[in-house]
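Source file: query30.txt. Holds: compact mmCIF, C-alpha atoms.
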# COMPACT_ATOMS: atom_id res chain seq x y z
CA GLU A 1 -19.50 31.45 101.51
CA ALA A 2 -20.81 35.00 101.96
CA GLN A 3 -23.16 35.80 99.13
CA VAL A 4 -26.28 37.43 97.78
CA THR A 5 -28.43 34.98 95.86
CA GLN A 6 -31.02 35.98 93.29
CA ASN A 7 -33.54 33.77 91.52
CA PRO A 8 -34.30 33.30 88.75
CA ARG A 9 -31.23 34.32 86.76
CA TYR A 10 -33.22 34.62 83.55
CA LEU A 11 -36.93 34.98 82.92
CA ILE A 12 -39.00 35.63 79.81
CA THR A 13 -42.64 36.36 80.50
CA VAL A 14 -45.63 38.25 79.14
CA THR A 15 -47.20 41.57 79.98
CA GLY A 16 -49.44 41.49 83.03
CA LYS A 17 -48.34 38.18 84.51
CA LYS A 18 -47.25 38.77 88.10
CA LEU A 19 -43.73 37.72 88.93
CA THR A 20 -41.41 37.73 91.91
CA VAL A 21 -37.63 37.84 91.92
CA THR A 22 -36.22 36.50 95.15
CA CYS A 23 -33.13 37.79 96.91
CA SER A 24 -31.43 36.26 99.91
CA GLN A 25 -28.23 37.15 101.75
CA ASN A 26 -26.37 35.10 104.33
CA MET A 27 -24.24 37.88 105.85
CA ASN A 28 -26.75 39.20 108.40
CA HIS A 29 -26.73 42.55 106.60
CA GLU A 30 -29.18 45.23 107.70
CA TYR A 31 -29.42 47.09 104.42
CA MET A 32 -30.72 45.61 101.19
CA SER A 33 -31.65 47.21 97.91
CA TRP A 34 -32.74 46.55 94.35
CA TYR A 35 -31.31 48.15 91.22
CA ARG A 36 -32.07 47.94 87.55
CA GLN A 37 -29.39 48.31 84.91
CA ASP A 38 -30.21 49.74 81.50
CA PRO A 39 -27.79 50.62 78.67
CA GLY A 40 -26.46 54.15 78.97
CA LEU A 41 -28.12 54.70 82.34
CA GLY A 42 -25.93 52.73 84.70
CA LEU A 43 -27.66 51.22 87.74
CA ARG A 44 -30.64 52.95 89.28
CA GLN A 45 -32.08 52.13 92.68
CA ILE A 46 -35.66 50.82 92.76
CA TYR A 47 -36.30 50.21 96.47
CA TYR A 48 -34.24 49.78 99.57
CA SER A 49 -34.70 48.44 103.08
CA MET A 50 -32.85 49.50 106.20
CA ASN A 51 -34.11 46.59 108.29
CA VAL A 52 -37.01 44.20 108.76
CA GLU A 53 -40.33 45.85 107.95
CA VAL A 54 -38.58 49.09 106.90
CA THR A 55 -38.64 49.81 103.17
CA ASP A 56 -38.52 52.96 101.07
CA LYS A 57 -38.57 54.08 97.47
CA GLY A 58 -35.45 54.62 95.44
CA ASP A 59 -35.18 56.57 92.20
CA VAL A 60 -37.40 54.39 89.97
CA PRO A 61 -40.02 52.62 92.14
CA GLU A 62 -43.00 52.80 89.76
CA GLY A 63 -44.38 49.37 88.91
CA TYR A 64 -42.51 47.53 91.65
CA LYS A 65 -43.21 46.35 95.17
CA VAL A 66 -40.95 44.91 97.85
CA SER A 67 -41.24 43.39 101.28
CA ARG A 68 -38.82 42.67 104.11
CA LYS A 69 -40.40 40.21 106.49
CA GLU A 70 -37.11 38.55 107.37
CA LYS A 71 -33.66 40.05 107.58
CA ARG A 72 -32.16 37.76 104.97
CA ASN A 73 -34.83 38.05 102.25
CA PHE A 74 -35.87 40.98 100.10
CA PRO A 75 -38.10 39.93 97.18
CA LEU A 76 -38.91 42.22 94.26
CA ILE A 77 -42.48 41.95 93.01
CA LEU A 78 -43.81 43.05 89.65
CA GLU A 79 -47.60 42.94 90.01
CA SER A 80 -48.34 43.68 86.35
CA PRO A 81 -45.12 43.65 84.35
CA SER A 82 -44.82 45.78 81.24
CA PRO A 83 -42.24 45.77 78.42
CA ASN A 84 -40.48 48.86 79.83
CA GLN A 85 -39.51 46.75 82.82
CA THR A 86 -37.35 44.56 80.62
CA SER A 87 -33.96 45.02 82.23
CA LEU A 88 -31.11 43.50 84.22
CA TYR A 89 -31.89 43.53 87.93
CA PHE A 90 -29.47 43.39 90.82
CA CYS A 91 -30.08 42.83 94.49
CA ALA A 92 -27.48 44.17 96.90
CA SER A 93 -26.81 44.23 100.62
CA ARG A 94 -24.46 45.94 103.00
CA LEU A 95 -23.73 45.54 106.68
CA PHE A 96 -25.11 48.81 108.02
CA THR A 97 -27.24 51.60 106.72
CA GLY A 98 -24.40 54.10 106.54
CA GLY A 99 -23.09 55.01 103.12
CA ASN A 100 -19.50 54.07 103.80
CA GLN A 101 -20.04 50.35 103.42
CA PRO A 102 -19.50 48.73 100.02
CA GLN A 103 -22.52 46.87 98.74
CA HIS A 104 -22.39 43.21 97.86
CA PHE A 105 -24.28 42.38 94.71
CA GLY A 106 -26.05 39.28 93.51
CA ASP A 107 -25.28 37.88 90.08
CA GLY A 108 -28.22 39.61 88.45
CA THR A 109 -31.58 38.61 86.99
CA ARG A 110 -32.29 39.30 83.34
CA LEU A 111 -36.01 39.90 82.80
CA SER A 112 -37.65 40.10 79.41
CA ILE A 113 -41.30 41.21 79.36
CA LEU A 114 -42.98 40.54 76.01
CA ALA B 1 -28.87 65.77 94.61
CA GLN B 2 -25.90 63.59 93.96
CA LYS B 3 -24.72 62.77 90.46
CA VAL B 4 -21.93 60.77 88.87
CA THR B 5 -20.77 61.27 85.29
CA GLN B 6 -18.60 58.92 83.29
CA ALA B 7 -18.19 60.73 80.01
CA GLN B 8 -16.34 57.90 78.28
CA THR B 9 -18.96 55.45 77.05
CA GLU B 10 -16.47 53.10 75.39
CA ILE B 11 -12.70 52.84 75.35
CA SER B 12 -10.69 50.44 73.25
CA VAL B 13 -6.97 49.85 73.81
CA VAL B 14 -4.33 47.35 72.83
CA GLU B 15 -2.90 45.06 75.46
CA LYS B 16 -0.11 46.59 77.59
CA GLU B 17 -1.35 50.12 77.03
CA ASP B 18 -2.19 52.25 80.06
CA VAL B 19 -5.77 53.48 80.23
CA THR B 20 -7.56 55.99 82.48
CA LEU B 21 -11.27 55.92 83.16
CA ASP B 22 -12.72 59.27 84.16
CA CYS B 23 -15.29 59.88 86.87
CA VAL B 24 -16.72 63.25 87.89
CA TYR B 25 -19.19 63.60 90.73
CA GLU B 26 -21.52 66.18 92.22
CA THR B 27 -22.61 66.33 95.84
CA ARG B 28 -23.54 68.92 98.44
CA ASP B 29 -22.38 66.79 101.35
CA THR B 30 -18.99 67.23 102.96
CA THR B 31 -18.93 63.56 103.94
CA TYR B 32 -19.28 61.14 101.08
CA TYR B 33 -17.83 57.93 99.69
CA LEU B 34 -16.70 57.02 96.21
CA PHE B 35 -16.57 53.54 94.78
CA TRP B 36 -15.46 51.72 91.67
CA TYR B 37 -17.10 48.49 90.54
CA LYS B 38 -16.14 46.18 87.69
CA GLN B 39 -18.71 44.27 85.62
CA PRO B 40 -17.01 41.58 83.51
CA PRO B 41 -18.80 39.97 80.56
CA SER B 42 -20.24 37.34 82.92
CA GLY B 43 -22.37 40.15 84.39
CA GLU B 44 -21.65 40.20 88.11
CA LEU B 45 -20.58 43.39 89.88
CA VAL B 46 -17.21 43.27 91.60
CA PHE B 47 -16.26 45.85 94.22
CA LEU B 48 -12.82 47.37 93.53
CA ILE B 49 -12.27 50.28 95.88
CA ARG B 50 -13.86 52.71 98.32
CA ARG B 51 -12.52 56.17 99.10
CA ASN B 52 -13.95 58.60 101.66
CA SER B 53 -14.10 62.35 101.15
CA PHE B 54 -11.53 63.06 103.85
CA ASP B 55 -8.80 60.96 102.32
CA GLU B 56 -7.31 62.36 99.14
CA GLN B 57 -4.37 60.02 99.07
CA ASN B 58 -4.00 58.22 95.81
CA GLU B 59 -4.11 54.46 96.03
CA ILE B 60 -2.33 51.77 94.09
CA SER B 61 -3.20 48.10 94.02
CA GLY B 62 -1.09 46.12 91.59
CA ARG B 63 -1.82 47.45 88.10
CA TYR B 64 -4.74 49.54 89.36
CA SER B 65 -4.47 53.05 90.72
CA TRP B 66 -6.96 55.70 91.70
CA ASN B 67 -6.58 59.47 91.67
CA PHE B 68 -9.02 61.35 93.93
CA GLN B 69 -9.07 65.13 93.53
CA LYS B 70 -11.68 67.06 95.51
CA SER B 71 -10.74 70.32 93.79
CA THR B 72 -12.03 68.96 90.49
CA SER B 73 -14.59 66.52 91.97
CA SER B 74 -12.94 63.65 90.16
CA PHE B 75 -12.08 60.08 91.05
CA ASN B 76 -10.23 58.63 88.08
CA PHE B 77 -9.15 55.02 87.66
CA THR B 78 -5.98 54.00 85.81
CA ILE B 79 -5.06 50.53 84.66
CA THR B 80 -1.38 50.16 83.88
CA ALA B 81 -0.22 47.63 81.31
CA SER B 82 -3.76 46.58 80.48
CA GLN B 83 -4.61 42.94 79.87
CA VAL B 84 -7.42 41.25 77.95
CA VAL B 85 -8.94 40.15 81.28
CA ASP B 86 -9.46 43.82 82.14
CA SER B 87 -12.17 44.01 79.48
CA ALA B 88 -15.33 44.92 81.34
CA VAL B 89 -17.76 47.69 82.13
CA TYR B 90 -16.50 49.87 84.95
CA PHE B 91 -18.84 51.87 87.16
CA CYS B 92 -18.01 54.77 89.40
CA ALA B 93 -20.48 55.35 92.26
CA LEU B 94 -21.12 57.85 95.04
CA SER B 95 -22.76 57.50 98.44
CA GLU B 96 -23.49 60.50 100.62
CA GLY B 97 -22.59 60.49 104.29
CA GLU B 98 -23.67 58.37 107.17
CA THR B 99 -27.37 59.02 106.94
CA SER B 100 -29.77 56.15 107.13
CA GLY B 101 -30.65 54.86 103.72
CA SER B 102 -27.64 56.46 102.05
CA ARG B 103 -28.09 55.40 98.50
CA LEU B 104 -25.43 54.48 95.97
CA THR B 105 -25.63 56.59 92.81
CA PHE B 106 -23.91 55.08 89.79
CA GLY B 107 -22.42 56.65 86.72
CA GLU B 108 -23.40 55.43 83.29
CA GLY B 109 -20.44 53.07 83.07
CA THR B 110 -17.45 52.85 80.73
CA GLN B 111 -17.07 49.81 78.50
CA LEU B 112 -13.36 48.98 78.32
CA THR B 113 -12.18 46.62 75.61
CA VAL B 114 -8.58 45.45 75.69
CA ASN B 115 -7.52 43.87 72.42
CA PRO B 116 -4.67 41.37 72.18

Output the structure of this file as structure tokens.
Amino acid sequence: EAQVTQNPRYLITVTGKKLTVTCSQNMNHEYMSWYRQDPGLGLRQIYYSMNVEVTDKGDVPEGYKVSRKEKRNFPLILESPSPNQTSLYFCASRLFTGGNQPQHFGDGTRLSIL
Amino acid sequence: AQKVTQAQTEISVVEKEDVTLDCVYETRDTTYYLFWYKQPPSGELVFLIRRNSFDEQNEISGRYSWNFQKSTSSFNFTITASQVVDSAVYFCALSEGETSGSRLTFGEGTQLTVNP
């Protein structure tokens, strides 16, 4: 089954404790991205990747890191999480880098930073 | 810069009513793509439709229909004879052109509640 898989689905942690949210897709998609969803703000892009070893900042990259060492994986790293990073996070992928392709989303990861 | 506005934060209707969700966008590109996504209470994002800037034909899929009007920069979504299962947050989104890294810009979302 074609899918984007995120882990964990839920995480409660404390300020400053490094965490990683994994994202994996099995569709051989070139483009992957991370979004955060906050009430009243919709989804905002954090980082994106157009292919292996190619990443770039989205609209809200502060406090986050990413890597793309393999085509299928695109982990989101919070080196020193803070309460303002409490949010619902989505990983997405699409076949090519062009904007005409719909993105496929994972089921989301709800992070609570205390 | 591209922008999407969904002015209706919440809409509540009674089952079988028709409901229209508004979406207004801003872009400087002549080539762009518009999308609607549905987020049911379970939280996942479900792709509903894509429309490119060169195709202003309205589209109907079952009880769903979409009205794209470039003159008013709008891409509205109508649900006919709404059902309780239509209750969800609906997002309109815009992607500019074919450029590498074309990002998807989302509106704020409209929470639709369909009451029995």

Considering only C-alpha atoms, give me a table of residues in chain B that are at most 8 Å from chain A, with the closest atom pair and distance in Å for each, as CSV.
residue,atom,partner,partner_atom,distance
B:Thr9,CA,A:Gly40,CA,7.9
B:Tyr32,CA,A:Gly99,CA,7.5
B:Tyr33,CA,A:Asn100,CA,5.9
B:Phe35,CA,A:Pro102,CA,7.7
B:Gly43,CA,A:Asp107,CA,6.8
B:Glu44,CA,A:Asp107,CA,4.7
B:Leu45,CA,A:Phe105,CA,6.2
B:Val46,CA,A:Phe105,CA,7.8
B:Phe47,CA,A:Pro102,CA,7.2
B:Arg50,CA,A:Pro102,CA,7.1
B:Asn52,CA,A:Asn100,CA,7.5
B:Phe91,CA,A:Gly42,CA,7.6
B:Ser95,CA,A:Gly99,CA,5.3
B:Glu96,CA,A:Gly99,CA,6.0
B:Gly97,CA,A:Gly99,CA,5.6
B:Glu98,CA,A:Gly98,CA,4.4
B:Thr99,CA,A:Gly98,CA,5.8
B:Ser100,CA,A:Thr97,CA,5.2
B:Gly101,CA,A:Thr97,CA,5.6
B:Ser102,CA,A:Gly99,CA,4.9
B:Arg103,CA,A:Gly99,CA,6.8
B:Leu104,CA,A:Gly99,CA,7.5
B:Thr105,CA,A:Arg44,CA,7.1
B:Phe106,CA,A:Leu43,CA,5.8
B:Gly107,CA,A:Gly42,CA,5.6
B:Glu108,CA,A:Gly42,CA,4.0
B:Gly109,CA,A:Gly42,CA,5.7

Computed gap from atom CA of Gln111 of chain B to atom CA of Arg28 of chain B is 28.4 Å

Counting all atoms listed in the file, the residue among B:Ala1, B:Arg51, B:Thr80, B:Trp36 that lies closest to Tyr64 of chain B is B:Thr80

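As for atom CA of Phe54 of chain B and atom CA of Lys3 of chain B, they are spaced 18.8 Å apart.
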
Of B:Ser82, B:Ser53, B:Thr110, B:Ser73, the one sitting nearest Thr31 of chain B when using all atoms listed in the file is B:Ser53

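Nearest to Thr20 of chain A of all the residues A:Ser87, A:Ser93, A:Asn73, A:Asn7 is A:Asn7, based on all atoms listed in the file.
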
Might you pull out every residue within 7 Å of Val13 of chain B, with only C-alpha atoms counted and same-chain residues fewer than 3 positions away left off, and present them as a compact mmCIF listing (two decimals) with C-alpha atoms, in the coordinates of the input?
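File written: selection-v8.txt
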# COMPACT_ATOMS: atom_id res chain seq x y z
CA GLU B 17 -1.35 50.12 77.03
CA THR B 113 -12.18 46.62 75.61
CA VAL B 114 -8.58 45.45 75.69
CA ASN B 115 -7.52 43.87 72.42

Correct to one decimal, the distance atom CA of Ser74 of chain B-atom CA of Asp22 of chain B is 7.4 Å

If you count all atoms listed in the file, which residues fall within 12 Å of Val84 of chain B, apart from same-chain ones fewer than 3 positions away, as a PyMOL selection string?
chain B and resi 12-17+40-41+79+81+87-88+112-116

Task: Neighbour list for His29 of chain A as a PyMOL selection string, cut-off 9 Å, only C-alpha atoms, skip fewer than 3 positions in-chain - done: chain A and resi 25-26+32+51+71-72+93-96

Near Leu111 of chain A, counting all atoms listed in the file, which residues have an atom at most 9 Å away, once you skip same-chain residues fewer than 4 positions from it, shown as a PyMOL selection string? chain A and resi 9-13+85-89

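The smallest atom-to-atom distance between Trp34 of chain A and any of A:Lys17, A:Pro81, A:Cys91, A:Glu70, using only C-alpha atoms, is found for A:Cys91.
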